[in-house]
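First up is the structure itself, then whatever we jot down about it.
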Amino acid sequence: GYLLKESFAEHGIPLFLDQNISLLFHPFMVFLNGLFRVLLSDFSYDSVMTLLRGGYLDVTDEEVDIFERYILKYGIRGAKRYGRAFVRRDTQLELINSVREKLMAVTDPLTTCKRDARSITGALYGICVAIGAEDRLKAQAEAFASEGRDAKTKEYQQVYGAVCGLLDQIYALLDEPMELEEYAEILKAGFAELKVGSLPQSVDQVVAGDLERT
């Protein structure tokens, strides 16, 4: 693909490579994987901050900054500490606890569900619904469309359906006891296999790709 692009560029010919785009590092996948990372690392600083800054919780950057300063100041980590209201004095304590509550609300379903594949899948799907993931991704797709970024638009339009399809497969195929760690590995492997197709940016382009797709 790289050599083909180079050759066409040298001759001034617009080229679109019809390729599948991996979703493993899509922000939504990073968020879903991050839920497990928070729990499996016992609410480590890095995992908590990555989840909060992932763009899928109703918190602003400024609120997360204030929260971050507080947990660093008092060395807060661990599910036990996060599971109850923070009480150390701070002028922004109410806001800080609000962020904490949103974090717990999105991780609690996985903490409290039964340890089997179907229950974990149900909890994960419930989280997607609770955070309005489908609407968020749709809004992001529309924003890309307004900027004329057709490939990104197509990608974001397909992400939610791809995730739900994967969760449906896991639910149908795995009816067995399972710990979060094992489920997280299965989910990550599934995400690695998820791919979406992109669209040409312009009709005035040469399209190159797999004969079965293009």
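For the structure tokens, the naming scheme is as follows: chains receive sequential letters (A, B, ...) according to their order of presentation, residues are indexed from 1 within each chain, and ligands are indexed from 1 in presentation order.
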
**Asked** Do you know which residues are at most 7 Å from stretch 172-178 of chain A counting only C-alpha atoms, after dropping those on the same chain fewer than 3 positions away, and could you put them as JSON, numbers by chain?
**Response** {"A": [115, 116, 117, 118, 168, 169, 182, 183]}

How would the residues just chosen look if you wrote them out with N, CA, C and O atoms as an mmCIF file, in the first residue's frame?
data_model
loop_
_atom_site.group_PDB
_atom_site.id
_atom_site.type_symbol
_atom_site.label_atom_id
_atom_site.label_comp_id
_atom_site.auth_asym_id
_atom_site.auth_seq_id
_atom_site.Cartn_x
_atom_site.Cartn_y
_atom_site.Cartn_z
ATOM 1 N N ARG A 115 -19.785 -13.740 38.119
ATOM 2 C CA ARG A 115 -18.557 -14.036 37.392
ATOM 3 C C ARG A 115 -18.775 -15.170 36.376
ATOM 4 O O ARG A 115 -18.332 -16.289 36.538
ATOM 5 N N ASP A 116 -19.499 -14.808 35.347
ATOM 6 C CA ASP A 116 -19.651 -15.701 34.202
ATOM 7 C C ASP A 116 -19.724 -14.835 32.954
ATOM 8 O O ASP A 116 -20.042 -13.642 33.023
ATOM 9 N N ALA A 117 -19.416 -15.441 31.818
ATOM 10 C CA ALA A 117 -19.265 -14.667 30.586
ATOM 11 C C ALA A 117 -20.524 -13.895 30.208
ATOM 12 O O ALA A 117 -20.452 -12.738 29.788
ATOM 13 N N ARG A 118 -21.671 -14.523 30.359
ATOM 14 C CA ARG A 118 -22.910 -13.858 29.956
ATOM 15 C C ARG A 118 -23.263 -12.690 30.871
ATOM 16 O O ARG A 118 -23.730 -11.641 30.405
ATOM 17 N N ASP A 168 -22.614 -9.737 21.232
ATOM 18 C CA ASP A 168 -23.628 -10.759 20.935
ATOM 19 C C ASP A 168 -22.974 -12.131 20.719
ATOM 20 O O ASP A 168 -23.488 -13.160 21.180
ATOM 21 N N GLN A 169 -21.855 -12.130 20.010
ATOM 22 C CA GLN A 169 -21.142 -13.388 19.760
ATOM 23 C C GLN A 169 -20.618 -13.993 21.054
ATOM 24 O O GLN A 169 -20.729 -15.204 21.274
ATOM 25 N N GLU A 182 -9.879 -12.955 32.570
ATOM 26 C CA GLU A 182 -10.007 -13.796 31.381
ATOM 27 C C GLU A 182 -10.936 -13.145 30.359
ATOM 28 O O GLU A 182 -10.661 -13.152 29.150
ATOM 29 N N TYR A 183 -12.031 -12.571 30.839
ATOM 30 C CA TYR A 183 -12.972 -11.910 29.931
ATOM 31 C C TYR A 183 -12.289 -10.742 29.227
ATOM 32 O O TYR A 183 -12.482 -10.526 28.021
#

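Between A:Glu63 and the residues A:Ala130, A:Leu23, A:Met29, A:Val99, the shortest atom-to-atom distance, using only C-alpha atoms, involves A:Val99.
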
**Request:** Return as an NGL selection string the full set of residues in stretch 31-211 of chain A whose backbone-based DSSP assignment is strand (DSSP E).
**Result:** :A and (195-197 or 206-209)

Identify, on the basis of only C-alpha atoms, every residue whose closest approach to A:Ala184 does not exceed 9 Å; exclude the query and any residue fewer than 4 positions from it along the same chain; express the result as a tab-separated table (two decimals) with N, CA and C atoms, in the first residue's frame.
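File written: result_23.tsv
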chain	number	residue	atom	x	y	z
A	33	ASN	N	-11.90	-1.29	27.15
A	33	ASN	CA	-10.79	-2.03	27.75
A	33	ASN	C	-10.36	-1.37	29.06
A	36	PHE	N	-11.94	-2.50	32.42
A	36	PHE	CA	-11.34	-3.69	33.03
A	36	PHE	C	-9.97	-3.36	33.64
A	37	ARG	N	-9.26	-2.48	32.97
A	37	ARG	CA	-7.94	-2.10	33.48
A	37	ARG	C	-8.05	-1.43	34.85
A	179	GLU	N	-13.69	-15.17	35.17
A	179	GLU	CA	-13.25	-14.01	35.93
A	179	GLU	C	-13.04	-12.83	34.99
A	180	LEU	N	-12.99	-11.63	35.55
A	180	LEU	CA	-12.84	-10.43	34.74
A	180	LEU	C	-11.55	-10.44	33.92
A	188	LYS	N	-10.35	-8.07	24.39
A	188	LYS	CA	-9.26	-7.41	23.68
A	188	LYS	C	-8.92	-8.14	22.39
A	189	ALA	N	-8.92	-9.49	22.44
A	189	ALA	CA	-8.66	-10.28	21.23
A	189	ALA	C	-9.76	-10.05	20.20

**Asked** If you run DSSP on this backbone, which residues of stretch 2-210 of chain A come out as helix (DSSP H, G or I), and could you give them as a PyMOL selection string?
**Response** chain A and resi 2-10+27-40+45-52+61-73+79-82+93-112+117-130+133-146+150-173+180-193

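Rounded to one decimal, atom CA of A:Ser44 and atom CA of A:Arg77 lie 5.8 Å from each other.
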
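Distance annotation: of A:Asp135, A:Tyr82, A:Thr50, A:Tyr156, the residue with the minimal separation from A:Met104 is A:Tyr82; atom set is only C-alpha atoms.
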
**Item:** Surrounding residues of A:Ala162 excluding itself and chain neighbours under 2 positions, 10 Å, only C-alpha atoms, as a ChimeraX atom specification
**Value:** /A:23,157-160,164-168,191,194-196

**Asked** Hey, what's within 12 Å of A:Arg69 if we count only C-alpha atoms and toss same-chain stuff fewer than 6 positions away? As a PyMOL selection string, please?
**Response** chain A and resi 45+49+62-63+75-76+90+92-93+96

Please produce a file of the residues just selected, as a CSV table (one decimal), in the first residue's frame, where the atoms kept are N, CA and C atoms.
chain,number,residue,atom,x,y,z
A,45,TYR,N,-3.7,4.9,39.5
A,45,TYR,CA,-3.7,6.3,39.1
A,45,TYR,C,-3.8,6.3,37.5
A,49,MET,N,-7.2,7.7,35.4
A,49,MET,CA,-7.1,9.0,34.6
A,49,MET,C,-7.3,8.7,33.1
A,62,GLU,N,-11.4,20.3,32.8
A,62,GLU,CA,-11.1,21.1,34.0
A,62,GLU,C,-11.5,20.3,35.2
A,63,GLU,N,-12.7,19.6,35.2
A,63,GLU,CA,-13.1,18.8,36.4
A,63,GLU,C,-12.1,17.6,36.6
A,75,GLY,N,-2.8,10.8,47.7
A,75,GLY,CA,-2.4,9.4,47.4
A,75,GLY,C,-3.5,8.4,47.4
A,76,ILE,N,-4.6,8.8,46.8
A,76,ILE,CA,-5.8,7.9,46.7
A,76,ILE,C,-5.7,6.9,45.6
A,90,ASP,N,-11.3,20.3,50.9
A,90,ASP,CA,-10.9,20.9,49.6
A,90,ASP,C,-12.1,21.8,49.2
A,92,GLN,N,-13.2,22.4,46.4
A,92,GLN,CA,-13.9,21.8,45.3
A,92,GLN,C,-14.3,20.3,45.6
A,93,LEU,N,-14.5,20.0,46.9
A,93,LEU,CA,-14.8,18.7,47.3
A,93,LEU,C,-16.1,18.1,46.7
A,96,ILE,N,-15.3,17.2,43.2
A,96,ILE,CA,-14.4,16.0,43.2
A,96,ILE,C,-15.2,14.7,43.4

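Excluding A:Leu57 and any residue on its chain fewer than 6 positions from it, the residues at most 12 Å away by only C-alpha atoms are Phe28, Phe31, Leu32, Leu35, Met49, Thr50, Leu51, Glu63, Val64, Ser98, Val99, Arg100, Glu101, Lys102, Leu103, Met104, Ala105, Val106, Thr107, Ile127, Cys128, Ala130, Ile131, Gly132, Ala133 and Arg136 of chain A.
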